[in-house]
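J.: File name work.txt; file contents compact mmCIF, C-alpha atoms; full text below.
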# COMPACT_ATOMS: atom_id res chain seq x y z
CA MET A 1 -6.07 10.40 2.69
CA ASN A 2 -2.46 10.98 3.66
CA LYS A 3 -0.27 13.88 2.66
CA LYS A 4 1.77 11.87 0.19
CA ARG A 5 -1.36 10.64 -1.57
CA GLU A 6 -2.63 14.16 -1.85
CA ARG A 7 0.62 15.20 -3.46
CA LEU A 8 0.20 12.56 -6.18
CA GLN A 9 -3.39 13.65 -6.72
CA VAL A 10 -2.41 17.33 -6.93
CA LEU A 11 0.28 16.59 -9.50
CA TYR A 12 -2.30 14.63 -11.49
CA ASP A 13 -4.84 17.45 -11.24
CA ILE A 14 -2.38 20.06 -12.50
CA MET A 15 -1.41 17.91 -15.46
CA LYS A 16 -5.05 17.13 -16.20
CA ILE A 17 -5.80 20.86 -16.40
CA ILE A 18 -2.92 21.37 -18.84
CA SER A 19 -4.17 18.46 -20.93
CA GLN A 20 -7.74 19.79 -20.94
CA HIS A 21 -6.50 23.12 -22.26
CA GLY A 22 -5.01 21.71 -25.42
CA ASN A 23 -1.69 21.01 -23.74
CA SER A 24 -0.82 24.67 -23.52
CA ILE A 25 -1.76 27.03 -20.74
CA LYS A 26 -0.27 30.13 -19.16
CA PRO A 27 0.94 29.86 -15.55
CA THR A 28 -1.64 32.31 -14.14
CA PRO A 29 -4.80 30.54 -15.36
CA LEU A 30 -3.21 27.22 -14.42
CA LEU A 31 -2.75 28.50 -10.87
CA ARG A 32 -6.38 29.64 -10.81
CA TYR A 33 -7.80 26.37 -12.15
CA SER A 34 -5.62 24.26 -9.88
CA ASN A 35 -7.21 25.85 -6.83
CA LEU A 36 -3.93 25.93 -4.92
CA SER A 37 -2.21 28.65 -2.97
CA SER A 38 0.53 30.44 -4.83
CA SER A 39 3.30 28.85 -2.75
CA SER A 40 1.81 25.37 -3.05
CA PHE A 41 1.38 25.81 -6.80
CA SER A 42 5.02 26.93 -7.17
CA GLU A 43 6.20 23.95 -5.14
CA HIS A 44 4.21 21.47 -7.24
CA SER A 45 5.15 23.14 -10.51
CA GLU A 46 8.82 22.86 -9.60
CA THR A 47 8.32 19.19 -8.78
CA LEU A 48 6.64 18.59 -12.13
CA LEU A 49 9.41 20.46 -13.98
CA ALA A 50 12.12 18.60 -12.07
CA LYS A 51 10.48 15.24 -12.80
CA GLY A 52 10.19 16.15 -16.48
CA PHE A 53 6.39 15.88 -16.56
CA ILE A 54 5.90 19.45 -17.79
CA LYS A 55 8.02 22.01 -19.59
CA GLU A 56 7.86 25.75 -20.04
CA ILE A 57 7.88 27.19 -23.51
CA VAL A 58 8.10 30.83 -24.52
CA ASP A 59 6.36 31.92 -27.71
CA SER A 60 7.57 34.51 -30.23
CA LYS A 61 5.86 37.29 -28.21
CA GLY A 62 7.74 36.33 -25.09
CA LYS A 63 4.71 34.79 -23.35
CA LYS A 64 5.32 31.76 -21.16
CA TYR A 65 3.21 28.61 -21.55
CA ILE A 66 3.24 25.31 -19.73
CA THR A 67 2.88 22.06 -21.65
CA LEU A 68 2.99 18.37 -20.84
CA THR A 69 5.96 16.29 -21.92
CA ASP A 70 5.64 12.72 -23.21
CA LYS A 71 6.44 11.54 -19.69
CA GLY A 72 3.63 13.74 -18.40
CA PHE A 73 1.14 12.15 -20.79
CA ILE A 74 2.28 8.70 -19.66
CA TYR A 75 1.72 9.72 -16.04
CA LEU A 76 -1.79 10.97 -16.86
CA GLU A 77 -2.57 7.74 -18.65
CA LYS A 78 -1.20 5.51 -15.89
CA TYR A 79 -2.23 7.51 -12.84
CA GLN A 80 -5.58 5.82 -12.20
CA LEU A 81 -3.99 2.41 -12.48
CA ILE A 82 -1.11 3.34 -10.18
CA ARG A 83 -3.55 4.78 -7.66
CA GLY A 84 -5.56 1.58 -7.85
CA PHE A 85 -2.37 -0.38 -7.18
CA ILE A 86 -1.48 1.85 -4.20
CA ASP A 87 -4.98 1.52 -2.76
CA GLU A 88 -5.28 -2.23 -3.26
CA PHE A 89 -1.91 -2.91 -1.63
CA GLU A 90 -2.46 -0.28 1.09
CA LEU A 91 0.88 1.36 0.28
CA MET B 1 13.99 -32.69 17.39
CA PRO B 2 14.37 -32.89 13.63
CA ILE B 3 12.95 -35.96 11.95
CA THR B 4 15.76 -38.12 10.57
CA HIS B 5 15.71 -37.90 6.85
CA VAL B 6 17.07 -39.83 3.90
CA PHE B 7 17.85 -37.91 0.72
CA ASP B 8 15.03 -38.22 -1.76
CA PRO B 9 15.82 -36.91 -5.27
CA VAL B 10 12.15 -36.29 -6.12
CA GLU B 11 11.55 -34.36 -2.94
CA PHE B 12 14.79 -32.44 -3.51
CA SER B 13 13.78 -31.57 -7.08
CA ILE B 14 10.41 -30.28 -5.89
CA ASP B 15 12.19 -28.19 -3.29
CA VAL B 16 14.59 -26.70 -5.86
CA ALA B 17 11.77 -26.06 -8.35
CA PHE B 18 9.73 -24.31 -5.65
CA THR B 19 12.68 -22.10 -4.70
CA LEU B 20 13.35 -21.15 -8.32
CA ILE B 21 9.69 -20.30 -8.96
CA ALA B 22 9.67 -18.19 -5.78
CA VAL B 23 12.78 -16.34 -7.01
CA ILE B 24 11.14 -15.73 -10.40
CA PHE B 25 7.90 -14.39 -8.87
CA CYS B 26 9.72 -12.11 -6.42
CA PHE B 27 11.77 -10.53 -9.22
CA LEU B 28 8.74 -10.41 -11.54
CA ILE B 29 6.89 -8.40 -8.89
CA TYR B 30 9.94 -6.16 -8.47
CA PHE B 31 10.34 -5.43 -12.18
CA LYS B 32 6.61 -5.21 -12.89
CA THR B 33 6.28 -2.29 -10.46
CA ARG B 34 9.36 -0.41 -11.69
CA GLU B 35 7.53 1.98 -14.00
CA SER B 36 4.96 2.85 -11.32
CA TYR B 37 7.75 3.79 -8.97
CA GLU B 38 9.79 5.68 -11.54
CA LEU B 39 6.78 7.76 -12.53
CA THR B 40 5.66 8.62 -9.03
CA LYS B 41 8.68 8.10 -6.73
CA TYR B 42 6.04 7.03 -4.23
CA GLU B 43 7.64 5.76 -1.02
CA GLY B 44 5.09 3.00 -0.42
CA ILE B 45 5.83 1.49 -3.83
CA LYS B 46 9.56 1.77 -3.15
CA TYR B 47 9.32 -0.30 0.05
CA PHE B 48 6.90 -2.78 -1.50
CA ARG B 49 9.31 -3.38 -4.41
CA GLY B 50 12.25 -3.47 -2.04
CA ALA B 51 10.54 -6.17 0.03
CA PHE B 52 10.17 -8.47 -2.96
CA PHE B 53 13.67 -7.65 -4.17
CA PHE B 54 15.14 -8.75 -0.83
CA PHE B 55 12.86 -11.79 -0.62
CA GLY B 56 14.03 -12.64 -4.14
CA LEU B 57 17.66 -12.43 -3.03
CA SER B 58 16.86 -14.58 0.01
CA TYR B 59 15.22 -17.29 -2.08
CA LEU B 60 18.11 -17.05 -4.54
CA LEU B 61 20.60 -17.71 -1.74
CA ARG B 62 18.46 -20.64 -0.65
CA PHE B 63 18.60 -21.93 -4.22
CA PHE B 64 22.40 -21.73 -4.20
CA LEU B 65 22.45 -23.69 -0.95
CA SER B 66 20.37 -26.38 -2.67
CA LEU B 67 23.00 -26.51 -5.42
CA VAL B 68 25.71 -26.97 -2.79
CA ILE B 69 23.75 -29.83 -1.23
CA LEU B 70 23.26 -31.31 -4.70
CA SER B 71 26.98 -31.06 -5.48
CA LYS B 72 27.75 -33.09 -2.38
CA ILE B 73 25.08 -35.75 -2.91
CA ALA B 74 24.97 -36.13 -6.67
CA PHE B 75 28.56 -35.53 -7.68
CA ASP B 76 30.41 -36.36 -4.51
CA PHE B 77 32.01 -32.97 -4.85
CA ILE B 78 32.20 -31.67 -1.34
CA LEU B 79 32.18 -27.91 -1.02
CA PRO B 80 33.44 -26.74 2.37
CA ARG B 81 29.96 -26.02 3.69
CA GLU B 82 31.08 -25.54 7.28
CA MET B 83 33.34 -22.77 6.09
CA PHE B 84 30.89 -20.70 4.08
CA ALA B 85 27.59 -21.67 5.78
CA PRO B 86 27.91 -18.93 8.44
CA PHE B 87 28.38 -16.31 5.70
CA PHE B 88 25.40 -17.75 3.89
CA ILE B 89 23.33 -17.34 7.09
CA LEU B 90 24.71 -13.82 7.53
CA PHE B 91 23.51 -12.63 4.11
CA LEU B 92 20.32 -14.68 4.20
CA GLY B 93 19.51 -13.21 7.61
CA TYR B 94 20.13 -9.67 6.46
CA PHE B 95 18.23 -9.88 3.16
CA SER B 96 15.20 -11.66 4.57
CA THR B 97 14.92 -9.45 7.67
CA ILE B 98 15.06 -6.36 5.47
CA GLY B 99 12.45 -8.01 3.21
CA ILE B 100 10.09 -8.50 6.17
CA PHE B 101 10.79 -4.98 7.40
CA TYR B 102 10.18 -3.35 4.00
CA LEU B 103 6.93 -5.25 3.51
CA ILE B 104 5.54 -4.05 6.84
CA PHE B 105 7.00 -0.57 6.36
CA SER B 106 5.39 -0.26 2.90
CA SER B 107 1.98 0.26 4.50
CA ILE B 108 2.96 2.30 7.58
CA TRP B 109 5.81 4.45 6.19
CA ASP B 110 3.75 7.65 6.27
CA LYS B 111 3.42 7.44 10.06
CA PHE B 112 7.15 7.88 10.65
CA GLN B 113 10.22 9.85 9.88
CA LYS B 114 11.37 7.45 7.24
CA LYS B 115 15.15 7.92 7.58
CA GLN B 116 15.04 7.11 11.27
CA LEU B 117 12.86 4.04 10.85
CA LEU B 118 14.88 2.79 7.88
CA LEU B 119 18.01 3.10 9.96
CA TRP B 120 16.39 1.04 12.71
CA GLY B 121 15.35 -1.58 10.18
CA HIS B 122 18.91 -1.97 8.93
CA VAL B 123 20.31 -2.02 12.46
CA ILE B 124 17.85 -4.76 13.48
CA ALA B 125 18.62 -6.75 10.32
CA ILE B 126 22.38 -6.49 10.97
CA ILE B 127 21.98 -7.51 14.63
CA LEU B 128 19.81 -10.51 13.73
CA SER B 129 22.12 -11.67 10.96
CA VAL B 130 25.28 -11.22 13.07
CA ILE B 131 23.75 -13.24 15.93
CA SER B 132 22.84 -15.98 13.44
CA PHE B 133 26.33 -15.76 11.95
CA LEU B 134 27.99 -16.14 15.36
CA THR B 135 25.73 -19.00 16.43
CA ARG B 136 25.95 -20.55 12.94
CA SER B 137 22.32 -21.54 13.17
CA HIS B 138 19.45 -20.79 10.84
CA PHE B 139 17.11 -21.92 13.63
CA ILE B 140 18.32 -18.98 15.74
CA LEU B 141 17.69 -16.74 12.73
CA LEU B 142 14.22 -18.21 12.37
CA ALA B 143 13.41 -17.66 16.06
CA LEU B 144 14.70 -14.08 15.96
CA GLN B 145 12.84 -13.27 12.75
CA PHE B 146 9.66 -14.78 14.20
CA VAL B 147 9.92 -12.53 17.27
CA PHE B 148 10.72 -9.55 15.01
CA LEU B 149 7.77 -10.31 12.74
CA ILE B 150 5.29 -10.64 15.60
CA ALA B 151 6.61 -7.46 17.24
CA ALA B 152 6.43 -5.57 13.93
CA MET B 153 2.89 -6.82 13.23
CA ILE B 154 1.68 -5.78 16.70
CA PHE B 155 3.45 -2.44 16.31
CA SER B 156 1.87 -1.75 12.91
CA PHE B 157 -1.54 -2.79 14.25
CA VAL B 158 -1.23 -0.46 17.25
CA ILE B 159 -0.17 2.59 15.23
CA GLU B 160 -2.96 2.00 12.74
CA LYS B 161 -5.72 1.61 15.29
CA GLU B 162 -8.08 3.61 13.14
CA ARG B 163 -8.12 0.89 10.48
CA LYS B 164 -9.25 -1.73 13.00
CA LYS B 165 -10.14 -4.41 10.49
CA ILE B 166 -7.55 -6.82 9.18
CA THR B 167 -7.69 -6.59 5.41
CA LYS B 168 -7.03 -9.36 2.89
CA ILE B 169 -3.83 -7.70 1.75
CA ARG B 170 -2.52 -7.61 5.33
CA VAL B 171 -3.23 -11.33 5.57
CA LEU B 172 -1.26 -11.85 2.33
CA TYR B 173 1.67 -9.82 3.71
CA PHE B 174 1.60 -11.87 6.91
CA LEU B 175 1.52 -15.09 4.88
CA VAL B 176 4.53 -14.01 2.78
CA CYS B 177 6.52 -13.48 5.98
CA ILE B 178 5.33 -16.54 7.91
CA LEU B 179 5.81 -18.81 4.88
CA TRP B 180 9.35 -17.49 4.55
CA LEU B 181 9.94 -18.57 8.15
CA LEU B 182 8.49 -22.02 7.44
CA ASN B 183 10.77 -22.13 4.42
CA LEU B 184 13.76 -21.42 6.68
CA LEU B 185 12.93 -24.60 8.58
CA THR B 186 13.38 -26.66 5.44
CA ILE B 187 16.56 -24.94 4.34
CA ASP B 188 18.98 -27.63 5.40
CA HIS B 189 16.76 -30.67 5.41
CA ASP B 190 19.40 -33.14 4.31
CA ARG B 191 20.43 -32.90 7.97
CA GLY B 192 16.93 -33.65 9.20
CA ARG B 193 13.56 -31.95 9.04
CA PHE B 194 11.16 -30.52 11.57
CA PHE B 195 7.98 -31.30 9.70
CA SER B 196 6.94 -34.17 7.52
CA ILE B 197 7.35 -33.86 3.75
CA ASP B 198 3.59 -33.23 3.50
CA VAL B 199 3.77 -30.15 5.70
CA ASP B 200 6.76 -28.81 3.75
CA LEU B 201 5.00 -29.46 0.47
CA TYR B 202 1.80 -27.73 1.58
CA SER B 203 3.73 -24.70 2.81
CA GLN B 204 5.52 -24.50 -0.55
CA ILE B 205 2.26 -24.76 -2.47
CA ILE B 206 0.65 -22.08 -0.29
CA SER B 207 3.74 -19.86 -0.79
CA LEU B 208 3.44 -20.13 -4.55
CA VAL B 209 -0.30 -19.46 -4.43
CA VAL B 210 0.38 -16.33 -2.35
CA PHE B 211 3.02 -15.11 -4.82
CA ILE B 212 0.69 -15.82 -7.75
CA ILE B 213 -2.17 -13.92 -6.08
CA ILE B 214 0.09 -10.92 -5.43
CA TYR B 215 1.44 -10.99 -8.97
CA TYR B 216 -2.08 -11.31 -10.39
CA LYS B 217 -3.31 -8.38 -8.28
CA ILE B 218 -0.38 -6.25 -9.47
CA SER B 219 -0.97 -7.24 -13.10
CA LYS B 220 -4.53 -5.91 -12.86
CA TRP B 221 -3.18 -2.42 -12.16
CA VAL B 222 0.26 -2.32 -13.66
CA LYS B 223 0.17 -3.13 -17.36
Can the structure from this file be put into structure tokens for me?

T.:
Amino acid sequence: MNKKRERLQVLYDIMKIISQHGNSIKPTPLLRYSNLSSSSFSEHSETLLAKGFIKEIVDSKGKKYITLTDKGFIYLEKYQLIRGFIDEFEL
Amino acid sequence: MPITHVFDPVEFSIDVAFTLIAVIFCFLIYFKTRESYELTKYEGIKYFRGAFFFFGLSYLLRFFLSLVILSKIAFDFILPREMFAPFFILFLGYFSTIGIFYLIFSSIWDKFQKKQLLLWGHVIAIILSVISFLTRSHFILLALQFVFLIAAMIFSFVIEKERKKITKIRVLYFLVCILWLLNLLTIDHDRGRFFSIDVDLYSQIISLVVFIIIYYKISKWVK
């Protein structure tokens, strides 16, 4: 599996974790569940934020949570199909 | 030597219909994969889409040439073909060479520094199209693209030694490129053809079957 493919899979995995936690999870447990190094997690989180797949929200107590956007849910839904397309066409 | 040829309206109509269907399928493939690319920004999808976009433009140019030929034959309205034909070859050469390059690059892009290889692709496409422009011959373009295609296929095979087996999708990619080259041979057939009408017709049917297979395979994954 090439590096680029891994990146897509990692993004998917992070979003899947958020989805499995009721679409709201704090950054620290997300880092733990994603099984990534801190620097790698930061890099992928920034990518997801920049692409508009996730957003950060702060509750009334000032605690930060990460949630999926609509675009993020679409990605989760379509990911398996897109990966199938990439594999079938050897892209 | 080209076989001397008399204009046949039925044959011409089939040729125009084939070209239009090819244009439609190329752009259908391009637009069908848009969402997948926009969601992932995956380089392989970008080059795959780009290949069909440029093939679509190439077939579209070929379609316009058919209209020029038709204007001369059907309406006795002579467009100055000698004047704009070299420019037609220039753009056709560039678009189709980039199409071939993108299709091959779509499956080996991760082995290279992409900016450098992309630059080389554009440089090769410009050189090929300028040579064809200067010689004013689509046969020169065909010969150059054939050499480029074979070199690129060997190159991609060598750098992907670990794969070893030739997959069905690679065969489809090769067919898309080689059928484009066959199509180049028929591009100006009111001046004579290299193959009989049967050979041209079979190559057009196979081309459409290949496009349909690719579109069908994409439709399975990209809803």

J.: Could you write out as a list in words the residues of chain B within 9 Å of chain A, counting all atoms listed in the file?

T.: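 Listing them in order of chain and number gives Ser36, Tyr37, Leu39, Thr40, Tyr42, Glu43, Gly44, Ile45, Tyr47, Phe48, Phe105, Ser106, Ser107, Ile108, Trp109, Asp110, Ile169, Arg170, Lys217, Ile218, Lys220, Trp221, Val222 and Lys223 of chain B.
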
J.: From the set B:Leu128, B:Leu28, B:Ile104, B:Leu182, which residue has the shortest atom-to-atom contact distance to B:Ile206, counting all atoms listed in the file?

T.: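 When distances to B:Ile206 are compared using all atoms listed in the file, the smallest one comes from B:Leu182.
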
J.: Could you list, as a list of chain:residue names, every residue within 12 Å of A:Lys63, counting only C-alpha atoms and ignoring same-chain residues fewer than 2 positions away?

T.: A:Ser24, A:Ile25, A:Lys26, A:Pro27, A:Thr28, A:Glu56, A:Ile57, A:Val58, A:Asp59, A:Ser60, A:Lys61, A:Tyr65, A:Ile66

J.: Find the residue from B:Phe84, B:Phe25, B:Phe63, B:Phe52 that sits nearest to B:Phe133; use only C-alpha atoms when measuring.

T.: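 Smallest distance to B:Phe133 is found for B:Phe84.
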
J.: Take atom CA of B:Val123 and atom CA of B:Phe88 and report the distance between them in Å, one decimal.

T.: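 Straight-line distance from atom CA of B:Val123 to atom CA of B:Phe88 works out to 18.6 Å.
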
J.: May I have the protein, DNA and RNA residues with any atom at most 12 Å from the point (4.8, -16.9, 6.7), counting all atoms listed in the file, written as a PyMOL selection string?

T.: chain B and resi 96+100+142+145-146+149-150+170-185+203-204+206-208+210-211
